[in-house]
Every structure is written in structure tokens, then in C-alpha cells.
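Undergrad: File name upload_21.cif; file contents mmCIF, C-alpha atoms; full text below.
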```cif
data_my_file
loop_
_atom_site.label_atom_id
_atom_site.label_comp_id
_atom_site.auth_asym_id
_atom_site.auth_seq_id
_atom_site.Cartn_x
_atom_site.Cartn_y
_atom_site.Cartn_z
CA MET A 145 2.62 19.48 25.13
CA LYS A 146 2.37 15.71 24.78
CA ILE A 147 2.88 14.18 21.33
CA GLU A 148 1.35 10.74 20.91
CA PHE A 149 0.48 8.56 17.92
CA ASP A 150 -1.15 5.19 18.35
CA LEU A 151 -0.91 2.67 15.51
CA LEU A 152 -4.01 3.88 13.69
CA SER A 153 -3.27 7.60 13.99
CA ASN A 154 0.34 6.96 12.99
CA ALA A 155 -0.86 5.11 9.89
CA GLU A 156 -3.41 7.80 9.16
CA ASP A 157 -0.75 10.50 9.30
CA SER A 158 1.45 8.76 6.71
CA ILE A 159 -1.47 7.91 4.43
CA GLN A 160 -2.86 11.44 4.56
CA GLN A 161 0.58 12.68 3.57
CA ALA A 162 0.54 10.36 0.56
CA ILE A 163 -2.96 11.54 -0.35
CA GLU A 164 -1.88 15.18 -0.17
CA LEU A 165 1.19 14.49 -2.31
CA VAL A 166 -0.93 12.81 -4.98
CA ALA A 167 -3.89 15.19 -4.95
CA TRP A 168 -2.28 18.54 -4.15
CA GLY A 169 1.49 18.10 -4.57
CA GLY A 170 1.74 19.60 -8.04
CA ASN A 171 4.09 22.36 -6.94
CA GLN A 172 6.84 19.91 -5.96
CA SER A 173 9.26 18.26 -8.37
CA GLU A 174 7.82 15.00 -9.72
CA PRO A 175 10.69 12.70 -8.62
CA ARG A 176 10.64 13.99 -5.05
CA ARG A 177 6.84 14.00 -4.80
CA LEU A 178 6.49 10.41 -6.04
CA LYS A 179 9.39 9.09 -3.96
CA GLN A 180 7.90 10.59 -0.79
CA ALA A 181 4.45 9.29 -1.73
CA VAL A 182 5.79 5.72 -2.09
CA GLN A 183 7.53 5.93 1.29
CA SER A 184 4.47 7.38 3.00
CA ILE A 185 1.98 4.89 1.61
CA ALA A 186 4.28 1.92 2.33
CA HIS A 187 4.68 3.05 5.94
CA GLY A 188 0.95 3.62 6.30
CA VAL A 189 -0.02 0.23 4.84
CA GLU A 190 2.34 -1.60 7.19
CA LEU A 191 0.88 0.17 10.22
CA LEU A 192 -2.71 -0.49 9.13
CA LEU A 193 -1.95 -4.20 8.87
CA LYS A 194 -0.36 -4.14 12.31
CA GLU A 195 -3.37 -2.32 13.74
CA ARG A 196 -5.65 -5.05 12.42
CA LEU A 197 -3.30 -7.70 13.79
CA LYS A 198 -3.29 -5.97 17.16
CA ARG A 199 -7.07 -6.37 17.28
CA VAL A 200 -6.58 -10.13 17.06
CA HIS A 201 -3.96 -9.97 19.84
CA PRO A 202 -1.30 -7.29 20.56
CA CYS A 203 1.54 -9.80 20.94
CA LEU A 204 1.12 -10.89 17.30
CA ILE A 205 2.68 -7.61 16.15
CA TRP A 206 6.05 -8.81 17.43
CA GLU A 207 8.16 -11.07 15.23
CA ASN A 208 8.95 -13.13 18.33
CA VAL A 209 5.77 -13.05 20.40
CA ASP A 210 7.73 -13.93 23.54
CA LYS A 211 9.39 -10.49 23.37
CA TYR A 212 6.10 -8.58 23.53
CA PRO A 213 5.94 -5.67 24.42
CA SER A 214 9.66 -4.77 24.17
CA LEU A 215 10.28 -1.84 21.80
CA ASN A 216 13.82 -3.11 21.34
CA ALA A 217 12.56 -6.25 19.61
CA ARG A 218 11.53 -6.38 15.97
CA THR A 219 7.92 -6.20 14.91
CA VAL A 220 6.53 -8.07 11.91
CA THR A 221 6.82 -6.90 8.33
CA ALA A 222 3.73 -6.09 6.29
CA GLU A 223 3.98 -9.49 4.58
CA ALA A 224 4.22 -11.33 7.89
CA ALA A 225 1.29 -9.33 9.23
CA MET A 226 -0.82 -10.43 6.25
CA SER A 227 0.24 -14.03 6.77
CA ARG A 228 -0.72 -13.98 10.46
CA LEU A 229 -3.99 -12.21 9.71
CA ALA A 230 -4.84 -15.00 7.27
CA SER A 231 -3.67 -17.96 9.37
CA ILE A 232 -4.70 -16.72 12.83
CA GLY A 233 -7.15 -13.89 12.23
CA GLY A 234 -9.18 -15.65 9.55
CA LEU A 235 -8.89 -12.86 6.97
CA ARG A 236 -8.81 -13.62 3.27
CA PHE A 237 -6.57 -11.63 0.96
CA GLU A 238 -6.72 -11.56 -2.81
CA THR A 239 -3.59 -12.89 -4.49
CA ALA A 240 -3.15 -9.51 -6.17
CA ASP A 241 -3.12 -7.76 -2.79
CA VAL A 242 -0.51 -10.12 -1.35
CA GLU A 243 1.72 -9.55 -4.37
CA LEU A 244 1.11 -5.81 -4.15
CA ILE A 245 2.28 -5.58 -0.55
CA ARG A 246 5.33 -7.76 -1.25
CA SER A 247 6.31 -5.58 -4.19
CA LEU A 248 5.62 -2.35 -2.32
CA ARG A 249 7.94 -3.44 0.48
CA ALA A 250 10.71 -4.27 -2.01
CA THR A 251 10.29 -0.86 -3.63
CA ARG A 252 10.42 0.97 -0.31
CA ASN A 253 13.53 -0.99 0.67
CA ALA A 254 15.20 0.05 -2.57
CA ILE A 255 14.42 3.71 -1.84
CA GLU A 256 15.43 3.66 1.80
CA HIS A 257 18.44 1.35 1.71
CA TYR A 258 19.97 1.49 -1.76
CA ALA A 259 18.89 3.24 -4.97
CA TRP A 260 15.72 3.54 -7.00
CA SER A 261 15.37 3.81 -10.75
CA THR A 262 11.93 4.03 -12.30
CA THR A 263 9.64 6.06 -14.55
CA LYS A 264 6.91 8.54 -13.69
CA GLN A 265 4.26 6.14 -15.01
CA GLU A 266 5.60 3.27 -12.94
CA ALA A 267 5.87 5.34 -9.76
CA GLU A 268 2.31 6.61 -10.15
CA ALA A 269 1.12 3.00 -10.62
CA ILE A 270 2.84 1.97 -7.39
CA VAL A 271 1.26 4.79 -5.41
CA GLY A 272 -2.18 4.42 -6.99
CA ARG A 273 -2.51 0.68 -6.46
CA ALA A 274 -1.17 0.86 -2.91
CA LEU A 275 -3.49 3.73 -2.07
CA GLU A 276 -6.49 1.81 -3.39
CA PHE A 277 -5.62 -1.18 -1.20
CA THR A 278 -5.23 1.13 1.78
CA ILE A 279 -8.63 2.74 1.30
CA HIS A 280 -10.30 -0.66 0.84
CA PHE A 281 -8.58 -2.35 3.79
CA ALA A 282 -9.13 0.53 6.20
CA LYS A 283 -12.83 0.67 5.40
CA THR A 284 -13.58 -3.06 5.40
CA GLU A 285 -11.30 -4.24 8.23
CA LEU A 286 -10.89 -1.20 10.48
CA ASN A 287 -14.15 0.63 9.86
CA TYR A 288 -12.16 3.72 8.94
CA ASP A 289 -13.02 5.87 5.94
CA PHE A 290 -10.28 8.08 4.53
CA PHE A 291 -12.88 9.74 2.32
CA GLY A 292 -15.52 10.95 4.70
CA TYR A 293 -17.73 13.96 4.16
CA HIS A 294 -14.97 16.56 4.54
CA MET A 295 -12.79 15.03 1.82
CA ARG A 296 -15.66 14.75 -0.59
CA LYS A 297 -16.65 18.30 0.14
CA ASP A 298 -13.18 19.76 -0.47
CA ASP A 299 -12.74 17.83 -3.75
CA THR A 300 -9.83 15.69 -2.50
CA LEU A 301 -11.31 12.45 -3.82
CA GLN A 302 -11.97 13.95 -7.24
CA ALA A 303 -8.47 15.45 -7.31
CA LEU A 304 -6.96 12.06 -6.52
CA LEU A 305 -8.88 10.30 -9.26
CA ARG A 306 -7.93 12.99 -11.75
CA SER A 307 -4.27 12.89 -10.73
CA ASN A 308 -3.72 9.13 -10.68
CA GLN A 309 -5.21 6.85 -13.32
CA ALA A 310 -3.86 3.74 -11.59
CA LEU A 311 -5.92 4.57 -8.50
CA SER A 312 -9.16 5.00 -10.40
CA SER A 313 -8.49 1.82 -12.42
CA ALA A 314 -7.76 -0.19 -9.28
CA MET A 315 -10.91 1.08 -7.59
CA ALA A 316 -12.96 0.08 -10.62
CA LYS A 317 -11.37 -3.39 -10.73
CA ARG A 318 -12.09 -3.88 -7.02
CA ALA A 319 -15.71 -2.92 -7.51
CA PHE A 320 -16.10 -4.90 -10.75
CA PRO A 321 -13.53 -7.75 -10.73
CA PRO A 322 -12.90 -9.56 -14.03
CA LYS A 323 -14.60 -12.94 -14.27
CA GLY A 324 -13.15 -16.20 -15.48
CA SER A 325 -9.51 -15.05 -15.48
CA ASN A 326 -6.90 -17.83 -15.35
CA GLU A 327 -3.57 -17.59 -13.55
CA ALA A 328 -0.80 -16.67 -15.98
CA GLU A 329 2.89 -17.53 -15.90
CA PRO A 330 5.35 -14.97 -14.46
CA GLU A 331 6.74 -12.52 -17.01
CA VAL A 332 10.33 -11.40 -17.61
CA CYS A 333 11.36 -8.27 -15.69
CA SER A 334 12.62 -5.54 -18.02
CA PHE A 335 14.89 -4.28 -15.23
CA CYS A 336 16.60 -7.34 -13.68
CA ARG A 337 15.70 -9.77 -16.53
CA ALA A 338 14.43 -12.44 -14.13
CA ARG A 339 11.21 -14.30 -14.93
CA SER A 340 9.61 -13.07 -11.74
CA VAL A 341 7.07 -10.42 -12.72
CA ASP A 342 3.66 -11.12 -11.24
CA PRO A 343 1.08 -11.18 -14.06
CA ILE A 344 -1.55 -9.48 -11.89
CA THR A 345 0.35 -6.56 -10.35
CA HIS A 346 3.11 -6.42 -13.01
CA ALA A 347 5.64 -6.05 -10.18
CA CYS A 348 8.90 -8.02 -10.02
CA ARG A 349 9.06 -10.27 -6.96
CA LEU A 350 12.86 -10.17 -7.06
CA CYS A 351 13.88 -6.52 -7.50
CA GLY A 352 10.58 -4.74 -6.86
CA HIS A 353 10.56 -3.08 -10.31
CA TRP A 354 7.06 -2.28 -11.55
CA SER A 355 6.07 -2.68 -15.17
CA THR A 356 2.96 -1.03 -16.58
CA SER A 357 3.22 -2.73 -19.98
CA GLY A 358 0.23 -4.78 -20.88
CA GLU A 359 -1.91 -3.36 -18.09
CA ASP A 360 -5.58 -3.42 -18.87
CA GLU A 361 -6.71 0.07 -17.99
CA VAL A 362 -10.29 0.38 -16.80
CA PRO A 363 -11.85 3.87 -16.69
CA PHE A 364 -13.43 4.85 -13.38
#
```
Taking this structure as input, can you express it in the form of C-alpha cells?
TA:
Amino acid sequence: MKIEFDLLSNAEDSIQQAIELVAWGGNQSEPRRLKQAVQSIAHGVELLLKERLKRVHPCLIWENVDKYPSLNARTVTAEAAMSRLASIGGLRFETADVELIRSLRATRNAIEHYAWSTTKQEAEAIVGRALEFTIHFAKTELNYDFFGYHMRKDDTLQALLRSNQALSSAMAKRAFPPKGSNEAEPEVCSFCRARSVDPITHACRLCGHWSTSGEDEVPF
């Protein structure tokens, strides 16, 4: 038996795991479910960005393009992938999406390499916003729909929207963006006390802590 995952199928596997944890993971403990969902969606987003970058040119996935295709050399981070997609691939990313991916990476690093302290509301906001970006990016840039006929038929989409308000709010904001909004100054992080909280995503650029205070909830 041969086991093989290309970039897209590898990303799909992690994202589907996050979807299952959000929609159908009610039997697990909340801290474990949300921690695993953050890790899965962060991994999936990074691979989706690399897949899109690979379609520009495979060597761009490597941090040092001269080392392509050595698996012993480092590949780009999600942030670097977005930067190359913008500068070389001609893609345009919303400021909120760039900040989201930066904050998501910081949060995953905290989980995987140190310690993570948060609230249930904050963790659900992280997962919901990241999942919305994933769905949007996969559909618009990779022609891949995570919510095809089978998922609509088995009520997965409805279960997701019921389970995560941040996801439904983010989907609504994407479909109906606010008009005439001006860029605000960074806010003070309630966790590390630095004035580094992005006013759009409410995520701290320094420590990765997510704040849901002041968020304008939009029903879906």
C-alpha cells in the first residue's frame, strides 16, 4: 500500500480535520478540540498558500530558491508565501487577511513551541476566521470547493455555521464588506500590554493573542 499526499491533498486533509472538529467534535473536551482545530487549520492554510505558489513556479516554495527541490532545505512560511504571491504571482490580499495569517502563525507557534493561554470565545474566533479565509482562498484561487454537494447534503455547512459564530460573521463580512471604513490605530493587547493589536482582526502582532472585544458581529 502506497501512502501519498501532494500539497493540495495534504492541505485538504488538515482542513477537513478542522471542519470535523468544529462541526462534529462536540464529544471531545473543549480545550483539546479547539487546540487541535487551530493546529489543523494553520497547517492547512500554509499548504494551500504553498500550492498556489507552486502554480506560479515550484521553486518559489523554497525559502532559498537555489535549494529547490531539496527536502532538507526550508520552505517558506505562510507569510512569505503570501508576500511572494503578491509580488511575483500578482495576487491581491486584503489587509485583514494578511494580518489574520500573521496572527494565526504566531498562535500556532505558541501552541507547538511554548504555551497557550486563551478563552473559548477567542479560540473559536481564531478557528472561525481562519476557516473562512481557507474556504474563500481555496475556491477563488485553487478552484476547490470544501463545501460541495456532499457537504451540503449531510448538513456539515449548517453545523459549522451553527457551531461557530465567528465563521458565519466572517463569511457575511466577506460577502458584504463595510464601506467607507478608515484605518484605525493599533490597540493595546490585554495579554502582553503592547500597543500592537490589529484593529481589523483584533489579534496581537507581537504575542499572537486574540481579542474579541469590540468586534462588530454580523449575523449570517
Undergrad: Quick check, in Å to one decimal: how far apart do CA of Arg246 (chain A) and CA of Asn308 (chain A) lie?
TA: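 Distance between the two atoms: 21.4 Å.
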Undergrad: Apply the PyMOL selection byres ((chain A and resi 305) around 12) to the file shown and report the selected residues as a short mmCIF file (atom, residue, chain, number, x, y, z; two decimals) with C-alpha atoms, in the frame of the given file.
TA:
```
data_model
loop_
_atom_site.label_atom_id
_atom_site.label_comp_id
_atom_site.auth_asym_id
_atom_site.auth_seq_id
_atom_site.Cartn_x
_atom_site.Cartn_y
_atom_site.Cartn_z
CA ILE A 163 -2.96 11.54 -0.35
CA VAL A 166 -0.93 12.81 -4.98
CA ALA A 167 -3.89 15.19 -4.95
CA TRP A 168 -2.28 18.54 -4.15
CA GLU A 268 2.31 6.61 -10.15
CA GLY A 272 -2.18 4.42 -6.99
CA ARG A 273 -2.51 0.68 -6.46
CA LEU A 275 -3.49 3.73 -2.07
CA GLU A 276 -6.49 1.81 -3.39
CA ARG A 296 -15.66 14.75 -0.59
CA ASP A 299 -12.74 17.83 -3.75
CA THR A 300 -9.83 15.69 -2.50
CA LEU A 301 -11.31 12.45 -3.82
CA GLN A 302 -11.97 13.95 -7.24
CA ALA A 303 -8.47 15.45 -7.31
CA LEU A 304 -6.96 12.06 -6.52
CA ARG A 306 -7.93 12.99 -11.75
CA SER A 307 -4.27 12.89 -10.73
CA ASN A 308 -3.72 9.13 -10.68
CA GLN A 309 -5.21 6.85 -13.32
CA ALA A 310 -3.86 3.74 -11.59
CA LEU A 311 -5.92 4.57 -8.50
CA SER A 312 -9.16 5.00 -10.40
CA SER A 313 -8.49 1.82 -12.42
CA ALA A 314 -7.76 -0.19 -9.28
CA MET A 315 -10.91 1.08 -7.59
CA ALA A 316 -12.96 0.08 -10.62
CA PRO A 363 -11.85 3.87 -16.69
CA PHE A 364 -13.43 4.85 -13.38
#
```
Undergrad: What is the CA of Ser355 (chain A) to CA of Gly170 (chain A) distance in Å?
TA: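 Answer for the CA of Ser355 (chain A) to CA of Gly170 (chain A) separation: 23.8 Å.
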Undergrad: The PyMOL selection byres ((chain A and resi 171-183) around 8) - which residues does that actually catch in the file I just gave you? List them as a VMD selection string.
TA: chain A and resid 161 to 163 165 to 166 168 to 170 184 to 187 252 255 264 267 to 268 270 to 271
Undergrad: Do you know which residues the PyMOL selection byres ((chain A and resi 213-229) around 7) returns on this file, as a compact mmCIF listing (two decimals) with C-alpha atoms, in the frame of the given file?
TA:
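Done, and the output landed in selection_38.txt:
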```txt
# COMPACT_ATOMS: atom_id res chain seq x y z
CA GLU A 190 2.34 -1.60 7.19
CA LEU A 193 -1.95 -4.20 8.87
CA LYS A 194 -0.36 -4.14 12.31
CA LEU A 197 -3.30 -7.70 13.79
CA CYS A 203 1.54 -9.80 20.94
CA ILE A 205 2.68 -7.61 16.15
CA TRP A 206 6.05 -8.81 17.43
CA GLU A 207 8.16 -11.07 15.23
CA LYS A 211 9.39 -10.49 23.37
CA TYR A 212 6.10 -8.58 23.53
CA ALA A 230 -4.84 -15.00 7.27
CA SER A 231 -3.67 -17.96 9.37
CA ILE A 232 -4.70 -16.72 12.83
CA GLY A 233 -7.15 -13.89 12.23
CA GLY A 234 -9.18 -15.65 9.55
CA LEU A 235 -8.89 -12.86 6.97
CA ILE A 245 2.28 -5.58 -0.55
CA ARG A 246 5.33 -7.76 -1.25
```
Undergrad: Show which residues sit within 10 Å of Cys333 (chain A), as a list in words. Count only C-alpha atoms, and ignore same-chain residues fewer than 3 positions away.
TA: Pro330, Cys336, Arg337, Ala338, Arg339, Ser340, Val341, Asp342, His346, Ala347, Cys348, Arg349, Leu350, Cys351, Gly352, His353, Trp354 and Ser355 of chain A
Undergrad: What gap, in Å, lies between CA of Asn154 (chain A) and CA of Ala269 (chain A)?
TA: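 These atoms are spaced 24.0 Å apart.
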Undergrad: Glu156 (chain A): which residues within 9 Å, counting all atoms listed in the file, same-chain residues fewer than 6 positions away excluded, as an MDAnalysis selection string?
TA: chainID A and resid 188 191:192 290
